[in-house]
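Enquirer: Structure file model_35.pdb (PDB, C-alpha atoms and all ligand atoms) right here:
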ATOM      1  CA  MET D   1      36.545 -20.139 -19.680  1.00  0.00           C
ATOM      2  CA  ILE D   2      38.705 -18.149 -17.336  1.00  0.00           C
ATOM      3  CA  ILE D   3      41.161 -15.318 -17.905  1.00  0.00           C
ATOM      4  CA  ARG D   4      44.097 -15.297 -15.506  1.00  0.00           C
ATOM      5  CA  ARG D   5      47.818 -14.722 -15.235  1.00  0.00           C
ATOM      6  CA  VAL D   6      50.028 -17.224 -17.038  1.00  0.00           C
ATOM      7  CA  CYS D   7      51.804 -19.918 -15.013  1.00  0.00           C
ATOM      8  CA  GLU D   8      54.437 -22.514 -15.850  1.00  0.00           C
ATOM      9  CA  GLY D   9      51.698 -25.138 -16.194  1.00  0.00           C
ATOM     10  CA  ASP D  10      50.490 -23.318 -19.342  1.00  0.00           C
ATOM     11  CA  ILE D  11      53.749 -23.793 -21.293  1.00  0.00           C
ATOM     12  CA  GLU D  12      52.793 -27.066 -22.972  1.00  0.00           C
ATOM     13  CA  SER D  13      49.359 -25.784 -24.020  1.00  0.00           C
ATOM     14  CA  LEU D  14      50.741 -22.449 -25.279  1.00  0.00           C
ATOM     15  CA  TYR D  15      53.214 -24.335 -27.440  1.00  0.00           C
ATOM     16  CA  ARG D  16      50.725 -26.978 -28.655  1.00  0.00           C
ATOM     17  CA  GLN D  17      48.165 -24.311 -29.618  1.00  0.00           C
ATOM     18  CA  ARG D  18      50.897 -22.384 -31.497  1.00  0.00           C
ATOM     19  CA  LEU D  19      49.911 -19.134 -29.779  1.00  0.00           C
ATOM     20  CA  CYS D  20      53.440 -17.789 -29.548  1.00  0.00           C
ATOM     21  CA  ALA D  21      54.940 -19.008 -32.854  1.00  0.00           C
ATOM     22  CA  PHE D  22      57.995 -20.058 -30.828  1.00  0.00           C
ATOM     23  CA  THR D  23      59.796 -23.324 -30.256  1.00  0.00           C
ATOM     24  CA  ALA D  24      58.952 -25.292 -27.102  1.00  0.00           C
ATOM     25  CA  GLU D  25      62.114 -23.999 -25.429  1.00  0.00           C
ATOM     26  CA  GLU D  26      61.416 -20.383 -26.435  1.00  0.00           C
ATOM     27  CA  THR D  27      57.833 -20.689 -25.165  1.00  0.00           C
ATOM     28  CA  ALA D  28      59.056 -22.016 -21.817  1.00  0.00           C
ATOM     29  CA  GLU D  29      61.595 -19.194 -21.561  1.00  0.00           C
ATOM     30  CA  LEU D  30      58.946 -16.586 -22.447  1.00  0.00           C
ATOM     31  CA  VAL D  31      56.578 -17.826 -19.735  1.00  0.00           C
ATOM     32  CA  ARG D  32      59.285 -18.102 -17.081  1.00  0.00           C
ATOM     33  CA  ALA D  33      60.531 -14.596 -17.906  1.00  0.00           C
ATOM     34  CA  ALA D  34      56.959 -13.259 -17.712  1.00  0.00           C
ATOM     35  CA  VAL D  35      56.308 -14.921 -14.348  1.00  0.00           C
ATOM     36  CA  GLU D  36      59.597 -13.520 -13.036  1.00  0.00           C
ATOM     37  CA  GLU D  37      58.966 -10.026 -14.466  1.00  0.00           C
ATOM     38  CA  GLU D  38      55.474  -9.883 -12.952  1.00  0.00           C
ATOM     39  CA  ARG D  39      56.843 -10.126  -9.426  1.00  0.00           C
ATOM     40  CA  GLY D  40      56.341  -6.630  -8.062  1.00  0.00           C
ATOM     41  CA  SER D  41      56.237  -5.001 -11.498  1.00  0.00           C
ATOM     42  CA  GLU D  42      53.449  -3.479 -13.519  1.00  0.00           C
ATOM     43  CA  SER D  43      53.323  -6.040 -16.292  1.00  0.00           C
ATOM     44  CA  CYS D  44      51.047  -8.992 -16.768  1.00  0.00           C
ATOM     45  CA  PHE D  45      50.772 -11.941 -19.171  1.00  0.00           C
ATOM     46  CA  PHE D  46      47.107 -12.965 -19.383  1.00  0.00           C
ATOM     47  CA  VAL D  47      45.883 -16.263 -20.763  1.00  0.00           C
ATOM     48  CA  ALA D  48      42.312 -17.351 -21.511  1.00  0.00           C
ATOM     49  CA  VAL D  49      41.919 -21.005 -20.566  1.00  0.00           C
ATOM     50  CA  ASP D  50      39.100 -23.269 -21.702  1.00  0.00           C
ATOM     51  CA  ARG D  51      38.956 -26.808 -20.258  1.00  0.00           C
ATOM     52  CA  GLY D  52      42.687 -26.747 -19.608  1.00  0.00           C
ATOM     53  CA  ASP D  53      43.688 -25.363 -23.001  1.00  0.00           C
ATOM     54  CA  VAL D  54      45.083 -21.884 -23.526  1.00  0.00           C
ATOM     55  CA  VAL D  55      42.900 -20.325 -26.250  1.00  0.00           C
ATOM     56  CA  GLY D  56      44.010 -16.702 -26.044  1.00  0.00           C
ATOM     57  CA  MET D  57      46.742 -14.495 -24.640  1.00  0.00           C
ATOM     58  CA  THR D  58      47.957 -10.949 -24.293  1.00  0.00           C
ATOM     59  CA  THR D  59      50.546  -9.068 -22.343  1.00  0.00           C
ATOM     60  CA  VAL D  60      49.902  -5.667 -20.757  1.00  0.00           C
ATOM     61  CA  ARG D  61      52.702  -3.470 -19.458  1.00  0.00           C
ATOM     62  CA  ARG D  62      52.840  -0.027 -17.895  1.00  0.00           C
ATOM     63  CA  LEU D  63      55.115   2.332 -19.819  1.00  0.00           C
ATOM     64  CA  GLY D  64      58.265   3.248 -17.933  1.00  0.00           C
ATOM     65  CA  HIS D  65      59.008   6.784 -19.117  1.00  0.00           C
ATOM     66  CA  ARG D  66      58.100   9.394 -16.489  1.00  0.00           C
ATOM     67  CA  LEU D  67      55.909  11.233 -19.015  1.00  0.00           C
ATOM     68  CA  CYS D  68      54.018   8.080 -19.956  1.00  0.00           C
ATOM     69  CA  ARG D  69      53.245   6.435 -16.624  1.00  0.00           C
ATOM     70  CA  HIS D  70      49.511   6.903 -17.241  1.00  0.00           C
ATOM     71  CA  ARG D  71      49.752   4.587 -20.280  1.00  0.00           C
ATOM     72  CA  ALA D  72      49.778   0.771 -20.542  1.00  0.00           C
ATOM     73  CA  GLU D  73      50.471  -1.168 -23.715  1.00  0.00           C
ATOM     74  CA  LEU D  74      48.988  -4.424 -24.986  1.00  0.00           C
ATOM     75  CA  GLY D  75      51.282  -6.825 -26.827  1.00  0.00           C
ATOM     76  CA  GLY D  76      51.155 -10.334 -28.264  1.00  0.00           C
ATOM     77  CA  PHE D  77      47.356 -10.380 -28.448  1.00  0.00           C
ATOM     78  CA  VAL D  78      46.340 -13.679 -30.080  1.00  0.00           C
ATOM     79  CA  ILE D  79      43.230 -15.855 -29.980  1.00  0.00           C
ATOM     80  CA  VAL D  80      43.229 -19.364 -31.471  1.00  0.00           C
ATOM     81  CA  PRO D  81      41.234 -19.429 -34.730  1.00  0.00           C
ATOM     82  CA  GLY D  82      38.487 -21.623 -33.250  1.00  0.00           C
ATOM     83  CA  ALA D  83      37.740 -19.095 -30.498  1.00  0.00           C
ATOM     84  CA  ARG D  84      37.728 -15.929 -32.632  1.00  0.00           C
ATOM     85  CA  GLY D  85      34.476 -14.001 -33.074  1.00  0.00           C
ATOM     86  CA  THR D  86      33.084 -15.350 -29.794  1.00  0.00           C
ATOM     87  CA  GLY D  87      33.434 -12.266 -27.590  1.00  0.00           C
ATOM     88  CA  LEU D  88      36.659 -13.519 -26.042  1.00  0.00           C
ATOM     89  CA  ALA D  89      38.670 -10.588 -27.455  1.00  0.00           C
ATOM     90  CA  ARG D  90      36.374  -8.178 -25.568  1.00  0.00           C
ATOM     91  CA  ARG D  91      36.825 -10.150 -22.339  1.00  0.00           C
ATOM     92  CA  ILE D  92      40.627 -10.224 -22.655  1.00  0.00           C
ATOM     93  CA  VAL D  93      40.743  -6.481 -23.361  1.00  0.00           C
ATOM     94  CA  GLY D  94      38.447  -5.992 -20.355  1.00  0.00           C
ATOM     95  CA  ALA D  95      40.859  -7.881 -18.115  1.00  0.00           C
ATOM     96  CA  ALA D  96      43.808  -5.845 -19.412  1.00  0.00           C
ATOM     97  CA  ARG D  97      41.899  -2.573 -18.968  1.00  0.00           C
ATOM     98  CA  ALA D  98      41.032  -3.438 -15.376  1.00  0.00           C
ATOM     99  CA  GLU D  99      44.646  -4.354 -14.619  1.00  0.00           C
ATOM    100  CA  ALA D 100      45.963  -1.128 -16.167  1.00  0.00           C
ATOM    101  CA  TYR D 101      43.308   0.914 -14.338  1.00  0.00           C
ATOM    102  CA  GLY D 102      44.433  -0.688 -11.093  1.00  0.00           C
ATOM    103  CA  TRP D 103      47.998   0.495 -11.762  1.00  0.00           C
ATOM    104  CA  GLY D 104      46.658   4.043 -12.112  1.00  0.00           C
ATOM    105  CA  CYS D 105      46.827   4.104 -15.927  1.00  0.00           C
ATOM    106  CA  SER D 106      44.125   5.982 -17.804  1.00  0.00           C
ATOM    107  CA  VAL D 107      45.154   4.847 -21.296  1.00  0.00           C
ATOM    108  CA  LEU D 108      45.370   1.371 -22.863  1.00  0.00           C
ATOM    109  CA  GLU D 109      47.184   1.354 -26.189  1.00  0.00           C
ATOM    110  CA  LEU D 110      48.570  -0.961 -28.846  1.00  0.00           C
ATOM    111  CA  ASP D 111      49.760  -0.974 -32.405  1.00  0.00           C
ATOM    112  CA  CYS D 112      48.901  -3.255 -35.293  1.00  0.00           C
ATOM    113  CA  ARG D 113      49.311  -3.736 -39.013  1.00  0.00           C
ATOM    114  CA  GLY D 114      46.958  -1.515 -41.014  1.00  0.00           C
ATOM    115  CA  GLY D 115      44.383  -3.144 -43.271  1.00  0.00           C
ATOM    116  CA  THR D 116      44.341  -6.436 -41.369  1.00  0.00           C
ATOM    117  CA  ASP D 117      41.499  -8.212 -39.557  1.00  0.00           C
ATOM    118  CA  ALA D 118      43.241  -7.248 -36.328  1.00  0.00           C
ATOM    119  CA  GLU D 119      42.843  -3.539 -37.097  1.00  0.00           C
ATOM    120  CA  ALA D 120      39.111  -4.069 -37.809  1.00  0.00           C
ATOM    121  CA  ALA D 121      38.714  -6.067 -34.585  1.00  0.00           C
ATOM    122  CA  TYR D 122      40.489  -3.435 -32.462  1.00  0.00           C
ATOM    123  CA  LEU D 123      38.301  -0.660 -33.903  1.00  0.00           C
ATOM    124  CA  GLY D 124      35.268  -2.887 -33.232  1.00  0.00           C
ATOM    125  CA  LEU D 125      36.443  -3.312 -29.647  1.00  0.00           C
ATOM    126  CA  GLY D 126      36.445   0.458 -29.147  1.00  0.00           C
ATOM    127  CA  PHE D 127      40.074   1.435 -29.741  1.00  0.00           C
ATOM    128  CA  ARG D 128      40.589   4.732 -31.576  1.00  0.00           C
ATOM    129  CA  GLU D 129      43.378   5.518 -34.022  1.00  0.00           C
ATOM    130  CA  TRP D 130      45.788   8.243 -32.977  1.00  0.00           C
ATOM    131  CA  GLY D 131      48.663   7.645 -35.356  1.00  0.00           C
ATOM    132  CA  ARG D 132      49.645   5.864 -38.537  1.00  0.00           C
ATOM    133  CA  MET D 133      53.063   5.456 -40.134  1.00  0.00           C
ATOM    134  CA  PRO D 134      52.704   4.499 -43.811  1.00  0.00           C
ATOM    135  CA  GLY D 135      54.823   1.416 -44.522  1.00  0.00           C
ATOM    136  CA  GLY D 136      55.833   1.134 -40.890  1.00  0.00           C
ATOM    137  CA  PHE D 137      55.957  -2.674 -40.964  1.00  0.00           C
ATOM    138  CA  HIS D 138      57.904  -4.773 -43.477  1.00  0.00           C
ATOM    139  CA  ASP D 139      57.081  -8.463 -43.174  1.00  0.00           C
ATOM    140  CA  ARG D 140      59.539 -11.245 -43.967  1.00  0.00           C
ATOM    141  CA  ASP D 141      57.383 -12.275 -46.966  1.00  0.00           C
ATOM    142  CA  GLY D 142      57.825  -8.810 -48.498  1.00  0.00           C
ATOM    143  CA  ALA D 143      54.377  -7.491 -47.493  1.00  0.00           C
ATOM    144  CA  ILE D 144      54.296  -3.874 -46.316  1.00  0.00           C
ATOM    145  CA  TYR D 145      51.744  -2.509 -43.837  1.00  0.00           C
ATOM    146  CA  ASP D 146      51.048   0.768 -42.101  1.00  0.00           C
ATOM    147  CA  ASP D 147      51.935   0.836 -38.392  1.00  0.00           C
ATOM    148  CA  VAL D 148      48.636   1.887 -36.803  1.00  0.00           C
ATOM    149  CA  ARG D 149      48.595   3.214 -33.231  1.00  0.00           C
ATOM    150  CA  LEU D 150      45.356   2.842 -31.267  1.00  0.00           C
ATOM    151  CA  TRP D 151      44.155   3.694 -27.784  1.00  0.00           C
ATOM    152  CA  MET D 152      41.168   3.566 -25.457  1.00  0.00           C
ATOM    153  CA  PRO D 153      40.544   4.925 -21.962  1.00  0.00           C
ATOM    154  CA  THR D 154      40.784   2.376 -19.177  1.00  0.00           C
ATOM    155  CA  GLY D 155      37.949   3.943 -17.214  1.00  0.00           C
ATOM    156  CA  ASP D 156      34.210   3.491 -17.483  1.00  0.00           C
ATOM    157  CA  GLU D 157      33.707   6.467 -19.731  1.00  0.00           C
ATOM    158  CA  VAL D 158      34.527   4.313 -22.767  1.00  0.00           C
ATOM    159  CA  ALA D 159      31.445   3.044 -24.604  1.00  0.00           C
ATOM    160  CA  GLU D 160      31.194  -0.751 -24.430  1.00  0.00           C
TER     161      GLU D 160
HETATM  162  C1  LIG X 201      43.164  -9.788 -33.350  1.00  0.00           C
HETATM  163  C2  LIG X 201      42.360 -10.884 -32.639  1.00  0.00           C
HETATM  164  C3  LIG X 201      42.950 -11.109 -31.257  1.00  0.00           C
HETATM  165  C4  LIG X 201      40.905 -10.359 -32.472  1.00  0.00           C
HETATM  166  O1  LIG X 201      40.119 -11.384 -31.925  1.00  0.00           O
HETATM  167  P1  LIG X 201      38.753 -11.806 -32.644  1.00  0.00           P
HETATM  168  O2  LIG X 201      38.111 -12.885 -31.857  1.00  0.00           O
HETATM  169  O3  LIG X 201      39.071 -12.111 -34.065  1.00  0.00           O
HETATM  170  O4  LIG X 201      37.909 -10.469 -32.524  1.00  0.00           O
HETATM  171  P2  LIG X 201      36.351 -10.368 -32.644  1.00  0.00           P
HETATM  172  O5  LIG X 201      35.857 -11.129 -33.830  1.00  0.00           O
HETATM  173  O6  LIG X 201      35.734 -10.707 -31.314  1.00  0.00           O
HETATM  174  O7  LIG X 201      36.171  -8.841 -32.949  1.00  0.00           O
HETATM  175  C5  LIG X 201      36.208  -7.889 -31.922  1.00  0.00           C
HETATM  176  C6  LIG X 201      35.122  -6.892 -32.164  1.00  0.00           C
HETATM  177  O8  LIG X 201      35.365  -6.199 -33.368  1.00  0.00           O
HETATM  178  C7  LIG X 201      34.287  -6.384 -34.273  1.00  0.00           C
HETATM  179  N1  LIG X 201      34.808  -6.594 -35.607  1.00  0.00           N
HETATM  180  C8  LIG X 201      35.671  -7.541 -35.984  1.00  0.00           C
HETATM  181  N2  LIG X 201      35.924  -7.434 -37.306  1.00  0.00           N
HETATM  182  C9  LIG X 201      35.202  -6.384 -37.743  1.00  0.00           C
HETATM  183  C10 LIG X 201      35.013  -5.768 -39.010  1.00  0.00           C
HETATM  184  N3  LIG X 201      35.630  -6.228 -40.116  1.00  0.00           N
HETATM  185  N4  LIG X 201      34.213  -4.678 -39.100  1.00  0.00           N
HETATM  186  C11 LIG X 201      33.586  -4.218 -37.997  1.00  0.00           C
HETATM  187  N5  LIG X 201      33.686  -4.774 -36.769  1.00  0.00           N
HETATM  188  C12 LIG X 201      34.497  -5.836 -36.656  1.00  0.00           C
HETATM  189  C13 LIG X 201      33.551  -7.606 -33.801  1.00  0.00           C
HETATM  190  O9  LIG X 201      32.191  -7.528 -34.155  1.00  0.00           O
HETATM  191  C14 LIG X 201      33.780  -7.581 -32.311  1.00  0.00           C
HETATM  192  O10 LIG X 201      32.848  -6.772 -31.648  1.00  0.00           O
HETATM  193  P3  LIG X 201      31.721  -7.484 -30.748  1.00  0.00           P
HETATM  194  O11 LIG X 201      32.442  -8.141 -29.581  1.00  0.00           O
HETATM  195  O12 LIG X 201      30.836  -6.372 -30.342  1.00  0.00           O
HETATM  196  O13 LIG X 201      31.039  -8.479 -31.636  1.00  0.00           O
HETATM  197  C15 LIG X 201      42.333 -12.217 -33.456  1.00  0.00           C
HETATM  198  O14 LIG X 201      41.732 -12.020 -34.698  1.00  0.00           O
HETATM  199  C16 LIG X 201      43.705 -12.843 -33.653  1.00  0.00           C
HETATM  200  O15 LIG X 201      44.196 -13.552 -32.782  1.00  0.00           O
HETATM  201  N6  LIG X 201      44.324 -12.626 -34.826  1.00  0.00           N
HETATM  202  C17 LIG X 201      45.629 -13.221 -35.149  1.00  0.00           C
HETATM  203  C18 LIG X 201      46.759 -12.594 -34.357  1.00  0.00           C
HETATM  204  C19 LIG X 201      46.828 -11.113 -34.564  1.00  0.00           C
HETATM  205  O16 LIG X 201      46.715 -10.602 -35.672  1.00  0.00           O
HETATM  206  N7  LIG X 201      47.011 -10.416 -33.437  1.00  0.00           N
HETATM  207  C20 LIG X 201      47.118  -8.978 -33.429  1.00  0.00           C
HETATM  208  C21 LIG X 201      48.539  -8.554 -33.418  1.00  0.00           C
HETATM  209  S1  LIG X 201      48.587  -6.762 -33.303  1.00  0.00           S
END
Can you give me the file's structure in the form of structure tokens?

Expert:
Amino acid sequence: MIIRRVCEGDIESLYRQRLCAFTAEETAELVRAAVEEERGSESCFFVAVDRGDVVGMTTVRRLGHRLCRHRAELGGFVIVPGARGTGLARRIVGAARAEAYGWGCSVLELDCRGGTDAEAAYLGLGFREWGRMPGGFHDRDGAIYDDVRLWMPTGDEVAE
């Protein structure tokens, strides 16, 4: 298992594993845009690859506002069902933390739907809640969730 930056060779596996919930064309466009955006910018699309198959992904991006340059945000964090609960989530977050730390960011943050397994996993990984908007997410199926904002330091002071 390795965790590295995405490349165009991952498009077929990302689509086949249904990690992005996009069509094949949308997946290809997403990867090409990410590869292009990464050139010289503080954003990164990480994939976890096991025997040639992409089994996990996340993006991490430094915030652009001048008051928020010390913060980097995770997005699109997904692990294929067969690889969940194996410690991979901790490794992917570790890679994102190290990247953000290297950019000079002291904060890694994300948001998620309240009351979901993802919220429990993020708290288990060491993220701390700093904000919650009741009913902040309305899903297409009619379900309503809180929008929960979480953060952790990128440096070593965070308890592993
Ligand atoms: C969110 C997601 C990436 C987390 O990955 P995961 O493999 O399920 O996470 P893990 O099971 O490794 O859990 C991470 C940590 O939280 C802990 N944890 C998970 N659920 C927990 C719970 N209910 N109570 C307490 N701790 C919990 C785990 O023990 C683990 O800690 P450990 O590494 O010390 O054992 C994954 O579930 C996923 O892809 N979900 C679908 C997509 C999604 O919802 N993405 C989030 C969008 S915001």

Enquirer: Give me, as a PyMOL selection string, the set of residues whose atoms come within 6 Å of any atom of ligand LIG 201 (chain X), counting all atoms listed in the file.

Expert: chain D and resi 77-79+84-87+89-90+111-112+118+120-122+124-125

Enquirer: Taking the file as shown, find all residues satisfying the PyMOL selection byres (((chain D and resi 57) around 8) and not hetatm) and write them as a ChimeraX atom specification.

Expert: /D:19,45-48,54-56,58-59,76-79,92

Enquirer: For the atom pair CA of Val49 (chain D) and CA of Ile3 (chain D), what is the interatomic distance in Å to one decimal place?

Expert: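 Atom-to-atom, CA of Val49 (chain D) to CA of Ile3 (chain D), that is 6.3 Å.
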
Enquirer: Please identify all polymer residues within 12 Å of Ser106 (chain D), counting all atoms listed in the file, omitting same-chain residues fewer than 6 positions from it, and present them as number ranges by chain.

Expert: D: 62-63, 68-73, 96-100, 151-158

Enquirer: Give me, as a list in words, all polymer residues having an atom no more than 9 Å from region 33-36 of chain D, counting only C-alpha atoms and skipping those fewer than 5 positions away in the same chain.

Expert: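 So the residues in contact are Arg5, Val6, Cys7, Glu8, Ala28, Ser43, Cys44, Phe45 and Thr59 of chain D.
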
Enquirer: Rounded to one decimal in Å, what is the spacing between CA of Arg113 (chain D) and CA of Gly75 (chain D)?

Expert: 12.7 Å

Enquirer: Given the file above and the PyMOL selection byres (((chain D and resi 148) around 9) and not hetatm), which residues are selected, and can you give them as a ChimeraX atom specification?

Expert: /D:110-114,119,129-134,136,145-147,149-150

Enquirer: CA of Cys105 (chain D) and CA of Arg32 (chain D), how far apart in Å?

Expert: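 A separation of 25.5 Å between them.
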
Enquirer: Considering all atoms listed in the file, state which residue in the set D:Glu29, D:His65, D:Met1, D:Trp103 is at the smallest distance from Glu42 (chain D).

Expert: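 The answer is D:Trp103, which sits nearest to Glu42 (chain D).
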
Enquirer: Excluding same-chain residues fewer than 2 positions from Ser13 (chain D), what lies within 9 Å of it counting all atoms listed in the file, as a PyMOL selection string?

Expert: chain D and resi 9-11+15-19+52-55
